[in-house]
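Visitor: Take this structure, written in structure tokens, and hold onto it; I'll ask about it next.
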Amino acid sequence: MLDPRLLRNNLDNIAALLERRGFKLDKARILSLETRRKELQVQAQELQSERNSRSKSIGKAKAAGEDIQPLLAEVADLGDKLKQQQEALNEVQAELRDITLVIPNIPHDSVPDGKSEDDNREERRWGEPPAFDFEPKDHVDLGEAKGLMDFDAASKLTGSRFVTLQGPLARLQRALAQFMLDTHTDEHGYTETYVPFLVNRDSLRGTGQLPKFEEDLFALKGEHQYYLIPTAEVPVTNLVRDVIIDDKEMPRRWVAQTPCFRSEAGSYGRDTRGIIRQHQFEKIEMVQIVRASDSYDALEALTGHAEAILQKLGLPYRVVTLCTGDIGFSSAKTYDLEVWLPGQGKYREISSCSNFEDFQARRLQARWRNPKTGKPELAHTVNGSGLAVGRTLVAVMENYQDQDGNITVPEVLRPYMGGLEVI
RNA sequence: GGAGAGGUGGCAGAGCGGUUGAAUGCACCGGUCUUGAAAACCGGCGUGGGUUUGUAGCCCACCCAGGGUUCGAAUCCCUGCCUCUCCGCCA
């Protein structure tokens with residue numbers, strides 16, 4: 001959510017900045033609602049003020065044993081007037097809130113203009129795509145040939161976009177997750193955290209999934225309006241909802257492994273083969289709650305933490321800055337890490353690292369107390385995948401395959417695989 | 001699942017429907033005293049919003065949340081959420 005005051009006072013400015021990402025702000029509507037809001041709110045508060053002082057004098061008169069009947073008569077219609085005014089105000093405020101809740105974040109200056117992913121800016125590459133002297137297979141062929149990956153079984157159990165893994169491949173996924181968690185906690189200063197996989201609507205509103213992206217979520221039936229988390233970002237970031245963090249506790253750095261559930265509405269026909277796009281996948285998520293002045297440094301550092309995993313695994317990748325047309329709703333700036341997949345012969349997203357500035361924090365009321373002023377200030381939230389485990393599994397399988405369809409276990413994972421060197 | 005108790009400021013803990021945004025204690029910040037510290041004493045100490053050029057002033061709201069009764073609600077009523085205790089069940 002953008003600062004309502006900023007929206008009010010710099011409407012033209014904001015509109016221009018949002019236009020960069022292809023969002024058209026309905027300035028006229030906001031302006032008229034805002035004018036009306038101001039008028040109604042001032043009047044409503046004046047009425048409240050009057051009610052308060054009159055009620056007070058009635059109380060005094062009563063205490064003094066005076067006849068309060070005439071006083072009561074004076075305020076007879078005040079309640080109704082107030083109620084009407086209040087209702088009108090509530091309506092306008094609700095309308096304004098509905099509008100502001102679906103306004104995306106303002107892209108950072110350093111974000112390149114563009115319409116689609118084709119306009120993203122490549123920042124750097126690491127590693128060389130492996131040169132095979134045979135035709136490399138994709139992870140589906142590799143996994144199915146060994147009987148370690150079964151899509152038919154999963155679709156029997158549930159439906160499309162699910163998979164079952166067996167034996168060493170299942171263990172390889174677990175190994176990857178543990179390796180990532182250990183690296184982030186031991187080397188990058190994150191605190192491991194375990195969180196619910198079901199969250200309520202308030203949490204989803206806080207991080208920006210609601211109200212706009214309801215169709216992307218799996219919701220539970222029943223008494224509670226609970227949703228399966230689409231990413232650990234939701235429960236982990238919401239840890240600081242309605243919290244004023246002590247300066248000594250800043251910054252907060254959390255890492256969590258969770259399954260993620262996404263309906264993938266609107267992506268029918270895309271990535272239908274393999275486990276690139278599943279309704280359920282494991283992800284390691286890094287979340288940082290930082291001071292406003294530190295968030296862009298934090299974004300660089302966090303992106304580096306995700307890169308470190310790829311480097312340790314020896315997986316070639318590139319880093320791109322998402323352009324204004326491709327950036328997520330809540331994000332001010334996003335780096336995508338794209339790993340080389342020999343099976344597809346291209347780089348594919350394996351991590352997304354974003355600075356949300358105070359966009360989420362404002363919705364969350366996540367603040368820290370600035371010791372210089374003694375006042376609470378909105379924090380900045382920064383997060384990124386470190387990494388998407390399922391896609392990392394794909395990358396390891398495809399990059400470490402040999403002519404016979406065997407997969408060499410990367411050095412750093414062997415301790416997690418009981419010393420196994422080849423699958 | 002059954003029975004009961006309760007949710008008030010950072011914490012503890014008062015609060016007859018009226019002048020209570022809220023006593024008191026602790027914690028915290030500033031000051032006096034002291035060689036220094038402690039103690040003692042004095043003062044300060046919530047959050048959000050509106051108005052405004054304004055971090056000045058004024059005003060509004062907030063005692064779990066949402067409704068309601070009333071001229072007036074932390075205090076009464078309803079609903080929800082959460083916590084605790086006991087019994088039952090259970091990974």
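We label chains A, B, ... in the order they appear in the structure tokens, count residues from 1 in each chain, and number ligands from 1 in the order shown.
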Can you pull out every residue within 12 Å of stretch 43-60 of chain B, counting only C-alpha atoms (C1' of nucleotides), but drop anything in the same chain fewer than 6 positions away, and send it as a VMD selection string?
Guide: (chain A and resid 4 to 5 37 to 52 242 to 244 365 367 373 to 376) or (chain B and resid 9 to 10 21 to 22 27 to 32)
Visitor: Find the residues around A:Pro342 up to 7 Å (only C-alpha atoms (C1' of nucleotides) counted), leave out those fewer than 5 positions away in its own chain, and share them as a list in words.
Guide: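 The neighbour list is Pro136, Glu398 and Asn399 of chain A.
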Visitor: Using only C-alpha atoms (C1' of nucleotides), I'd like every residue of chain B that has an atom within 6 Å of chain A; please write them out as a PyMOL selection string.
Guide: chain B and resi 18+60+71-72
Visitor: Write out as a PyMOL selection string the residues lying within 12 Å of B:A3, counting only C-alpha atoms (C1' of nucleotides) and excluding same-chain residues fewer than 5 positions away.
Guide: chain B and resi 85-88
Visitor: How would the residues just picked look written out with C-alpha atoms (C1' of nucleotides) as a compact mmCIF listing (two decimals), in the first residue's frame?
Guide:
```txt
# COMPACT_ATOMS: atom_id res chain seq x y z
C1' U B 85 -7.78 -24.56 33.97
C1' C B 86 -10.28 -29.39 34.48
C1' C B 87 -12.33 -33.89 32.00
C1' G B 88 -12.40 -36.82 27.47
```
Visitor: In Å, with one decimal, what is the gap from atom CA of A:Leu217 to atom CA of A:Val290?
Guide: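 Between atom CA of A:Leu217 and atom CA of A:Val290 the gap is 27.8 Å.
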Visitor: Residues of stretch 91-164 of chain A classed as strand (DSSP E) by DSSP on the backbone are to be reported as a list in words.
Guide: Arg121, Glu122, Glu123, Arg124, Arg125, Trp126, Met149, Asp150 and Thr164 of chain A
Visitor: Quick check, in Å to one decimal: how far apart do atom CA of A:Trp368 and atom CA of A:Ser293 lie?
Guide: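 Separating atom CA of A:Trp368 from atom CA of A:Ser293 is a distance of 12.4 Å.
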Visitor: Can you tell me, as number ranges by chain, what residues are no more than 10 Å from stretch 63-69 of chain B when counting only C-alpha atoms (C1' of nucleotides), ignoring any on the same chain fewer than 4 positions away?
Guide: B: 7-9, 21-22, 73-74, 76-82
Visitor: Quick one: write out the picked residues with C-alpha atoms (C1' of nucleotides) as a PDB file, in the first residue's frame?
Guide:
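The file below, part20.pdb, is the result:
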```pdb
ATOM      1  C1'   G B   7      -8.630 -10.863  27.579  1.00  0.00           C
ATOM      2  C1'   U B   8      -6.990  -3.037  30.162  1.00  0.00           C
ATOM      3  C1'   G B   9      -0.681   0.866  28.418  1.00  0.00           C
ATOM      4  C1'   G B  21      -6.499   7.761  27.471  1.00  0.00           C
ATOM      5  C1'   A B  22      -7.319   5.321  31.716  1.00  0.00           C
ATOM      6  C1'   A B  73     -19.572   2.616  27.232  1.00  0.00           C
ATOM      7  C1'   A B  74     -13.068   0.108  29.343  1.00  0.00           C
ATOM      8  C1'   C B  76     -24.239  -3.130  29.971  1.00  0.00           C
ATOM      9  C1'   C B  77     -25.993  -6.691  25.691  1.00  0.00           C
ATOM     10  C1'   C B  78     -24.893  -9.899  21.223  1.00  0.00           C
ATOM     11  C1'   U B  79     -21.380 -12.327  17.883  1.00  0.00           C
ATOM     12  C1'   G B  80     -16.498 -13.762  16.714  1.00  0.00           C
ATOM     13  C1'   C B  81     -11.286 -14.534  17.882  1.00  0.00           C
ATOM     14  C1'   C B  82      -7.627 -15.755  21.361  1.00  0.00           C
TER      15        C B  82
END
```
Visitor: Going by DSSP on the backbone, which bits of stretch 70-215 of chain A are alpha helix (DSSP H)? Write them as JSON, numbers by chain, please.
Guide: {"A": [70, 71, 72, 73, 74, 78, 79, 80, 81, 82, 83, 84, 85, 86, 87, 88, 89, 90, 91, 92, 93, 94, 95, 96, 97, 98, 99, 100, 101, 139, 140, 141, 142, 143, 144, 145, 151, 152, 153, 154, 155, 156, 157, 167, 168, 169, 170, 171, 172, 173, 174, 175, 176, 177, 178, 179, 180, 181, 182, 183, 184, 185, 186, 187, 201, 202, 203, 204, 205, 206, 207]}
Visitor: Name all residues at most 9 Å from A:Arg125 (count only C-alpha atoms (C1' of nucleotides); drop same-chain ones fewer than 4 positions away) and give them as a ChimeraX atom specification.
Guide: /A:316-319
Visitor: Might you pull out every residue within 7 Å of A:Tyr226, with only C-alpha atoms (C1' of nucleotides) counted and same-chain residues fewer than 3 positions away left off, and present them as a list in words?
Guide: Leu198, Val199, Asn200, Arg201, Ala219 and Leu220 of chain A
Visitor: Would you mind exporting the chosen residues as a compact mmCIF listing (two decimals), in the first residue's frame, restricted to C-alpha atoms?
Guide:
```
# COMPACT_ATOMS: atom_id res chain seq x y z
CA LEU A 198 -2.23 -22.27 6.56
CA VAL A 199 -2.85 -18.58 7.04
CA ASN A 200 -5.81 -16.27 7.47
CA ARG A 201 -6.93 -13.43 5.25
CA ALA A 219 -8.56 -21.85 0.05
CA LEU A 220 -9.85 -24.27 2.63
```
Visitor: Please list as a ChimeraX atom specification every residue within 10 Å of A:Glu215, counting only C-alpha atoms (C1' of nucleotides) and excluding residues in the same chain fewer than 6 positions away.
Guide: /A:209,262-266
Visitor: Give me, please, the distance in Å between atom CA of A:His139 and atom CA of A:Val394, quoted to one decimal.
Guide: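 Atom-to-atom, atom CA of A:His139 and atom CA of A:Val394 are spaced 5.7 Å apart.
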Visitor: Select, from B:A38, B:A61, B:C11, B:C89, the residue with the minimum atom-to-atom distance to B:G25, counting only C-alpha atoms (C1' of nucleotides).
Guide: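 Smallest distance to B:G25 is found for B:C11.
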